[in-house]
Amino acid sequence: MKVLVTGGAGYIGSTVVAELIREGDSVVVFDNLYQGHKGAVHPEATFIKGDLNDRAAIDSVLADYQPEAIMHFASHTLVGESMENPFLYLAENVTNGLNLLQSAVDHGIRKFIFSSTANLFDDPERMPIDEKERIVPGSPYGESKYIIERMLYWLDRVYGFRYAALRYFNACGAGAPERGEDHYPEYHLIPIVLQVALEQREKVFIFGNDYDTPDGTCVRDYIHVLDLAQAHILALRALDQGSRTYNLGNGQGFSVKEVIETAREVTGHPIPAEIGPRRPGDPATLIASSDKIRRELGWEPKYTDLKGIIETAWQWHSTHPNGYNDR
Ligand code: UDP
């Protein structure tokens, strides 16, 4: 299948691109390199540098390459940033997604995979969180993803647009020795902890230890990026049978303290940690139920233990201490 991947130079997008190519699909990456890295793009993918705020650029790529499906990863993705600068999310994420969707409909494309988020569940009534949980976006970031989910719903009703909305919990790990996480600045727990092990930071701050959790620190569901990639590919192949929405996690929660302790084991570094204040917008516990995608598509995450996940991340960070070396 020919697939256009927006954000295909980013952490998750570039891993999915590599997996698609491994399965024999042909891929066009559309990315503005704002957070992405040219070096992350698989050499067999066609790379187009472009911005989703440029409708003419999208039209021209879709007309030139005529992909059968689109995977849309490109977006601003930080909860904290969205609380400080909501229009980056409520305006840019939404209008960029809208540009892409309008162009897709105009060019007869009817298959779409969308990166959504666990930030739709700020106040869950049940844990683990399944797809029937009520939607309470936790930030303008989550809201921007939900607005696009709603657009997809209507495009299915009106145009028979087939989509999968995949709500990621905490993506982590490295996809292969040559591809991993490289954000600047870095805000995510596992890469920050590994930067301490590389002595690029002095210590890690634990954002609060007075949560209602077993050890007082926040509990998250860490899902390996290769397991995420498989979910995207299974969802893509299933679109002919209809649109769908899935929560994606490995179904287990690990606390911030457990992550730090496991990273100490994996790296052999003491990784100093200090308790700091809570980070605004962080719920105590987020654990996904992924029963639906397991049942419907036979998805089975391979990386379920924290040590294995952190080992793959450490392989990447220890061999690429400056990431893709393009800053
Ligand atoms: N966290 C932390 N210190 C850090 C970064 C993150 O204690 O320097 C915590 C954060 O409060 C959350 C968990 O680690 O409970 C995972 O945060 P991350 O930013 O990696 O992902 P998020 O849960 O926001 O998607």
# chains A, B, ... in the order shown; residues from 1 in each chain; ligands from 1
call {"tool": "closest_atom_pairs", "arguments": {"of": "chain A", "to": "ligand 1", "cutoff": "6 Å", "atoms": "only C-alpha atoms and all ligand atoms", "output": "Markdown table"}}
result
| residue | atom | partner | partner_atom_place_in_ligand_line | distance |
| --- | --- | --- | --- | --- |
| A:Asn170 | CA | ligand 1 | 25 (O) | 5.3 |
| A:Tyr187 | CA | ligand 1 | 19 (O) | 5.4 |
| A:His188 | CA | ligand 1 | 20 (O) | 3.3 |
| A:Leu189 | CA | ligand 1 | 20 (O) | 3.8 |
| A:Val204 | CA | ligand 1 | 8 (O) | 5.6 |
| A:Phe205 | CA | ligand 1 | 3 (N) | 5.0 |
| A:Ile206 | CA | ligand 1 | 7 (O) | 3.5 |
| A:Phe207 | CA | ligand 1 | 7 (O) | 3.9 |
| A:Cys218 | CA | ligand 1 | 15 (O) | 4.4 |
| A:Val256 | CA | ligand 1 | 14 (O) | 5.4 |
| A:Arg279 | CA | ligand 1 | 11 (O) | 5.7 |
| A:Asp282 | CA | ligand 1 | 11 (O) | 5.9 |
call {"tool": "write_last_selection", "arguments": {"atoms": "N, CA, C and O atoms", "output": "mmCIF file, in the first residue's frame"}}
result
data_model
loop_
_atom_site.group_PDB
_atom_site.id
_atom_site.type_symbol
_atom_site.label_atom_id
_atom_site.label_comp_id
_atom_site.auth_asym_id
_atom_site.auth_seq_id
_atom_site.Cartn_x
_atom_site.Cartn_y
_atom_site.Cartn_z
ATOM 1 N N ASN A 170 1.623 6.060 27.457
ATOM 2 C CA ASN A 170 2.979 6.652 27.439
ATOM 3 C C ASN A 170 3.924 5.910 26.496
ATOM 4 O O ASN A 170 4.487 4.877 26.872
ATOM 5 N N TYR A 187 10.990 16.505 27.784
ATOM 6 C CA TYR A 187 10.086 16.602 28.935
ATOM 7 C C TYR A 187 9.673 15.242 29.471
ATOM 8 O O TYR A 187 9.004 15.156 30.484
ATOM 9 N N HIS A 188 9.992 14.166 28.759
ATOM 10 C CA HIS A 188 9.451 12.860 29.133
ATOM 11 C C HIS A 188 10.355 12.119 30.117
ATOM 12 O O HIS A 188 11.577 12.231 30.065
ATOM 13 N N LEU A 189 9.700 11.363 30.975
ATOM 14 C CA LEU A 189 10.402 10.780 32.116
ATOM 15 C C LEU A 189 11.570 9.865 31.724
ATOM 16 O O LEU A 189 12.689 10.044 32.210
ATOM 17 N N VAL A 204 17.146 13.830 38.483
ATOM 18 C CA VAL A 204 15.772 13.893 37.973
ATOM 19 C C VAL A 204 14.880 14.378 39.112
ATOM 20 O O VAL A 204 15.086 14.004 40.273
ATOM 21 N N PHE A 205 13.946 15.243 38.770
ATOM 22 C CA PHE A 205 12.959 15.687 39.754
ATOM 23 C C PHE A 205 11.723 14.813 39.624
ATOM 24 O O PHE A 205 11.199 14.621 38.529
ATOM 25 N N ILE A 206 11.285 14.282 40.764
ATOM 26 C CA ILE A 206 10.041 13.502 40.793
ATOM 27 C C ILE A 206 8.915 14.502 41.048
ATOM 28 O O ILE A 206 8.915 15.186 42.083
ATOM 29 N N PHE A 207 7.996 14.581 40.110
ATOM 30 C CA PHE A 207 6.948 15.600 40.216
ATOM 31 C C PHE A 207 5.838 15.143 41.170
ATOM 32 O O PHE A 207 4.776 14.717 40.737
ATOM 33 N N CYS A 218 3.245 9.230 40.540
ATOM 34 C CA CYS A 218 2.241 8.943 39.494
ATOM 35 C C CYS A 218 2.506 7.603 38.811
ATOM 36 O O CYS A 218 3.653 7.224 38.574
ATOM 37 N N VAL A 256 6.589 6.483 38.926
ATOM 38 C CA VAL A 256 7.801 7.239 38.599
ATOM 39 C C VAL A 256 8.992 6.637 39.346
ATOM 40 O O VAL A 256 10.074 6.444 38.774
ATOM 41 N N ARG A 279 3.389 18.406 38.934
ATOM 42 C CA ARG A 279 3.300 19.121 37.651
ATOM 43 C C ARG A 279 1.819 19.341 37.338
ATOM 44 O O ARG A 279 1.043 18.384 37.362
ATOM 45 N N ASP A 282 -1.242 16.657 35.862
ATOM 46 C CA ASP A 282 -0.928 15.230 35.933
ATOM 47 C C ASP A 282 -1.965 14.472 36.762
ATOM 48 O O ASP A 282 -2.059 14.672 37.972
#
call {"tool": "residues_around", "arguments": {"residues": "stretch 131-143 of chain A", "least_positions_apart": "3", "cutoff": "7 Å", "atoms": "only C-alpha atoms", "output": "NGL selection string"}}
result
:A and (77-79 or 82-83 or 86 or 89-90 or 117 or 119-124 or 146-147 or 246-247 or 281)
call {"tool": "closest_residue", "arguments": {"among": "A:Glu258, A:Glu149, A:Glu300, A:Glu311", "to": "A:Thr245", "atoms": "only C-alpha atoms"}}
result
A:Glu149
call {"tool": "residues_around", "arguments": {"residues": "A:Met151", "least_positions_apart": "2", "cutoff": "12 Å", "atoms": "only C-alpha atoms", "output": "list in words"}}
result
Val94, Thr95, Gly97, Leu98, Asn99, Leu100, Leu101, Gln102, Phe112, Phe114, Ser144, Lys145, Tyr146, Ile147, Ile148, Glu149, Tyr153, Trp154, Leu155, Asp156, Arg157, Val158, Tyr159, Phe161, Arg162, Tyr163 and Ala165 of chain A
call {"tool": "atom_distance", "arguments": {"atom1": "atom CA of A:Pro67", "atom2": "atom CA of A:Arg110"}}
result
10.0 Å
call {"tool": "closest_residue", "arguments": {"among": "A:Asn53, A:Ser14, A:Gln241, A:Asn85", "to": "A:Gly39", "atoms": "only C-alpha atoms"}}
result
A:Ser14
call {"tool": "atom_distance", "arguments": {"atom1": "atom CA of A:Asn250", "atom2": "atom CA of A:Trp299"}}
result
10.6 Å
call {"tool": "residues_around", "arguments": {"residues": "A:Met127", "least_positions_apart": "2", "cutoff": "9 Å", "atoms": "only C-alpha atoms", "output": "PyMOL selection string"}}
result
chain A and resi 124-125+129-130+285-289
